[in-house]
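A.B. asks: Before I ask anything, let me first share the structure, which is written out below as structure tokens.
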Number of protein chains: 2
Amino acid sequence: MAKKRENAPSNMTVTAKQTPPDLSPIENLLAMAKDDMANVDSIIIERMQSSVGMIPDLAEHLVGAGGKRLRPLLTIAAAHLCKYAGEHHYKLAAAVEFIHSATLLHDDVVDLSAKRRGKKAANLIWGNAPSILVGDFLFARSFNLMVETNSIKALGILSTASSVIAEGEVQQLAGLRDVEMSTETYMQVIGAKTAALFAAAAEVSAVISKSDAPKQSALRTYGQELGLAFQLVDDVLDYGGYEITLGKSIGDDFREGKMTLPVILAYKNAVRGANKTAMAFWQRVIVEHKQTEVDLEIATNYLMQVNALETTLDAARQHIQNAKSALDVFENDDEIKPWKTALIRLADFVVSRVS
Amino acid sequence: MAKKRENAPSNMTVTAKQTPPDLSPIENLLAMAKDDMANVDSIIIERMQSSVGMIPDLAEHLVGAGGKRLRPLLTIAAAHLCKYAGEHHYKLAAAVEFIHSATLLHDDVVDLSAKRRGKKAANLIWGNAPSILVGDFLFARSFNLMVETNSIKALGILSTASSVIAEGEVQQLAGLRDVEMSTETYMQVIGAKTAALFAAAAEVSAVISKSDAPKQSALRTYGQELGLAFQLVDDVLDYGGYEITLGKSIGDDFREGKMTLPVILAYKNAVRGANKTAMAFWQRVIVEHKQTEVDLEIATNYLMQVNALETTLDAARQHIQNAKSALDVFENDDEIKPWKTALIRLADFVVSRVS
């Protein structure tokens, strides 16, 4: 599978709505939304410009590097699901990507990250200060874009998502090295720091297309559940052992002492079984935050022993199921069906990419 | 004068619109707007709450510590000038204060500040990460508040101001230690990083009260010019020698190698007079950023020698003149006149407080 994807054309030349069999579900969606995403990209490039040269330089490093554009793609796909006929979804999609980019820039300073999207993290090239300020700039610009859509409701959804994201990040920070973090707290954290933006990205398209409440709620649920699954899988990938990574360094979360579901499960298991060696290990590497080179491998072994990665993936699979079911409210007519199918395949792919 | 102000009641009990002679112009405005500001304060306190405890703790440290509340006060005073009859100005004033607080939190990380509002800076107590994230939270919450006013125009003005502020901060950063910075670049920087929010804070009240274009423009100009003067005076105060400080550490800008108008003027003067000792001094402390304990005093002496602080204050006085003239478009009826007079006195005070 991975091999096939590598052979897929990187500079896609397919026209919209064709679905060559070699494409992964995300590439397929990108191909279907090719013209839309070209509009989104040109807004992104135009709006990250500034007479202050350091801003486009740094923004280009991150935003221009591509990334998956998963969140704006959600906005676009959701607009098709709602048969939206206007053009505001381009600006909202760009705004969503700007919010995401701003949080990435700030996260990398907060986490002291070394890599982002397979490249050296911006804070290590330009320093913390420009990363913070350019993040602020992109965040502000995202609101400029929303204002231009004239939709107070969309602004409300995305500004609320933004404050929820920040809350999630702070909660995660407060729980750093708290090896006894509960599953509930963890799910709250990822619901806020990751899923809230996925949910808002999809929901705003229902709002601007004046879809009914069940459809708005369905898209919100799809985004939220997809986001939860996405983060759970991301947390599993931090421990390697799976083929496909996300351009992020393996072991980043572990080295920071970040609590993720696999670690929560493994520690709980150690406590339940009174496994003092395992408890001492997690205490040392997480709470005392004393780690050596080999500890990531040892941690991964502990996680494997108690099936923590697989259990986390099971949880992700459940959220994917919820995401897919939410789309049931959408009709299966010729216009909607291809997009609905593509979003269902995307959801499956979020989990299947690691198995 | 300063003595008298110290004797003024710190917990004001005067009722609105009374103007006891002992109050400074800013205290006078606060007294006139007492009921309004109580509304603003309760919104501020309510909206900085979060179930994530670290957020209100940190926000309270900064926002609750008071500060001058100068920017929300502008919004309130401008609303009175426009005879605004609604309640949205409270939320906009709180939003303005949140934007300001967010930039302070981020600035302190960027500048590695030790003090803020006379207290230890938040980044030194909680660390950089929470300061960045709580800044993001307050910024997002400011947009939540704006959304509730239902005014797309106000949102446009404040989101544009926010991106301009970030641009100004980045431009300032790019010009750090550039001893040859031009006066034009410097004025651009302070126009963006400081004056843009003053301008927006005043302008939004004209917008929500549906005042005509000349009034909207007048309030924008008043805010912009007041902001420029405010920053120029702030830059002068960094070199001490004046009685009243702003709760910030004297010499902060100097120690960072930040270029401000006094330094620009002094360096230009040294170049013009081929004063090699002075040029070498500024090169060392700013460009090479090699400073010893005594250098702040030496710098202040150099600035005094060439009248750079007084020239900077002259520039501030000119902007104050512009600010005051802008208010001419407002009538002098019984309702408007007290506020107009108070804003004129406030403008004068921005410069007179240092002389």
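In the structure tokens, chains take letters A, B, ... by order of appearance, with residues numbered from 1 within each chain and ligands from 1 in the order shown.
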Show which residues sit within 7 Å of region 327-333 of chain A, as a PyMOL selection string. Count only C-alpha atoms, and ignore same-chain residues fewer than 2 positions away.
C.D. replies: chain A and resi 215+218+222+324-325+335-337
A.B. asks: Counting only C-alpha atoms, what is within 12 Å of Asp108 (chain A), bar same-chain residues fewer than 4 positions away, as a PyMOL selection string?
C.D. replies: (chain A and resi 62+101-104+112-117+120-125+127-132+135+169+248+252-253+256) or (chain B and resi 129+132-133)
A.B. asks: Output the contact residues of chain A with respect to chain B at a cut-off of 6 Å, based on only C-alpha atoms, as JSON, numbers by chain.
C.D. replies: {"A": [52, 110, 129, 133, 137, 140, 141, 143, 144, 147, 156, 159, 162, 163, 166, 171]}
A.B. asks: Fewer than 3 positions away in the same chain doesn't count, so skip those; otherwise give me all residues within 9 Å of His61 (chain B), counting only C-alpha atoms, as a ChimeraX atom specification.
C.D. replies: /B:56-58,64-65,119,121-122
A.B. asks: As a ChimeraX atom specification, please: all residues of region 34-208 of chain B that backbone DSSP puts in alpha helix (DSSP H).
C.D. replies: /B:34-47,54-59,70-81,88-111,122-126,128-149,152-174,183-190,196-208
A.B. asks: List the spatial neighbours of Arg177 (chain B) as a PyMOL selection string - criterion: any atom at most 6 Å away, only C-alpha atoms, same-chain residues fewer than 2 positions off excluded.
C.D. replies: chain B and resi 179+257+286-287
A.B. asks: Please produce a file of those selected residues containing N, CA, C and O atoms, as a compact mmCIF listing (two decimals), in the first residue's frame.
C.D. replies:
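The resulting file, result.txt, is shown below:
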```
# COMPACT_ATOMS: atom_id res chain seq x y z
N VAL B 179 21.07 49.99 14.43
CA VAL B 179 21.29 51.34 14.94
C VAL B 179 21.04 52.39 13.86
O VAL B 179 20.88 53.58 14.16
N GLY B 257 18.43 46.25 23.28
CA GLY B 257 18.95 46.77 22.02
C GLY B 257 17.83 47.23 21.11
O GLY B 257 17.94 47.22 19.89
N ILE B 286 24.24 48.68 21.03
CA ILE B 286 23.06 48.28 20.24
C ILE B 286 23.41 47.17 19.26
O ILE B 286 22.86 46.07 19.33
N VAL B 287 24.34 47.42 18.34
CA VAL B 287 24.63 46.45 17.28
C VAL B 287 25.30 45.20 17.84
O VAL B 287 24.83 44.07 17.66
```
A.B. asks: Can you list, as a list in words, every protein, DNA or RNA residue that comes within 12 Å of Val294 (chain B) when you count only C-alpha atoms, leaving out same-chain residues fewer than 5 positions away?
C.D. replies: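 Neighbouring residues, sequence-local ones excluded: Gly251, Phe254, Arg255, Val285, Ala299, Thr300 and Asn301 of chain B.
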A.B. asks: Please compute the CA of Trp282 (chain A)-CA of Thr311 (chain A) distance, one decimal, in Å.
C.D. replies: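 If I compute the distance from CA of Trp282 (chain A) to CA of Thr311 (chain A), I get 18.4 Å.
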A.B. asks: Applying 9 Å and only C-alpha atoms, which residues near Ala323 (chain A) remain after dropping the ones on its own chain fewer than 5 positions away? List them as a PDB file with C-alpha atoms, in the first residue's frame.
C.D. replies:
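Written out: out14.pdb:
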```
ATOM      1  CA  ALA A 218     -23.824  16.038  11.567  1.00  0.00           C
ATOM      2  CA  LEU A 219     -20.862  17.844  10.041  1.00  0.00           C
ATOM      3  CA  THR A 221     -19.918  15.490  14.752  1.00  0.00           C
ATOM      4  CA  TYR A 222     -18.087  14.113  11.728  1.00  0.00           C
ATOM      5  CA  GLY A 223     -15.262  16.629  12.268  1.00  0.00           C
ATOM      6  CA  GLN A 224     -15.123  16.139  16.018  1.00  0.00           C
ATOM      7  CA  GLU A 225     -15.021  12.331  15.822  1.00  0.00           C
ATOM      8  CA  LEU A 226     -12.563  12.351  12.938  1.00  0.00           C
ATOM      9  CA  GLN A 318     -14.896   3.609  17.408  1.00  0.00           C
ATOM     10  CA  ILE A 344     -16.266   7.942   4.589  1.00  0.00           C
ATOM     11  CA  ALA A 347     -12.390   8.449   7.865  1.00  0.00           C
TER      12      ALA A 347
END
```
A.B. asks: Can you tell me, as a VMD selection string, what residues are no more than 10 Å from Lys68 (chain B) when counting only C-alpha atoms, ignoring any on the same chain fewer than 3 positions away?
C.D. replies: chain B and resid 26 to 27 30 65 71 to 73 117 246
A.B. asks: With distances taken over only C-alpha atoms, which residue among A:Lys83, A:Lys91, A:His289, A:Arg69 lies nearest Ser42 (chain A)?
C.D. replies: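 Using only C-alpha atoms, Ser42 (chain A) sits closest to A:Lys91.
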A.B. asks: Would you mind telling me which residue in B:Val350, B:Leu92, B:Ile190, B:Ala280 lies nearest to Asp41 (chain B) when using only C-alpha atoms?
C.D. replies: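 Comparing B:Val350, B:Leu92, B:Ile190, B:Ala280 against Asp41 (chain B), the winner is B:Leu92.
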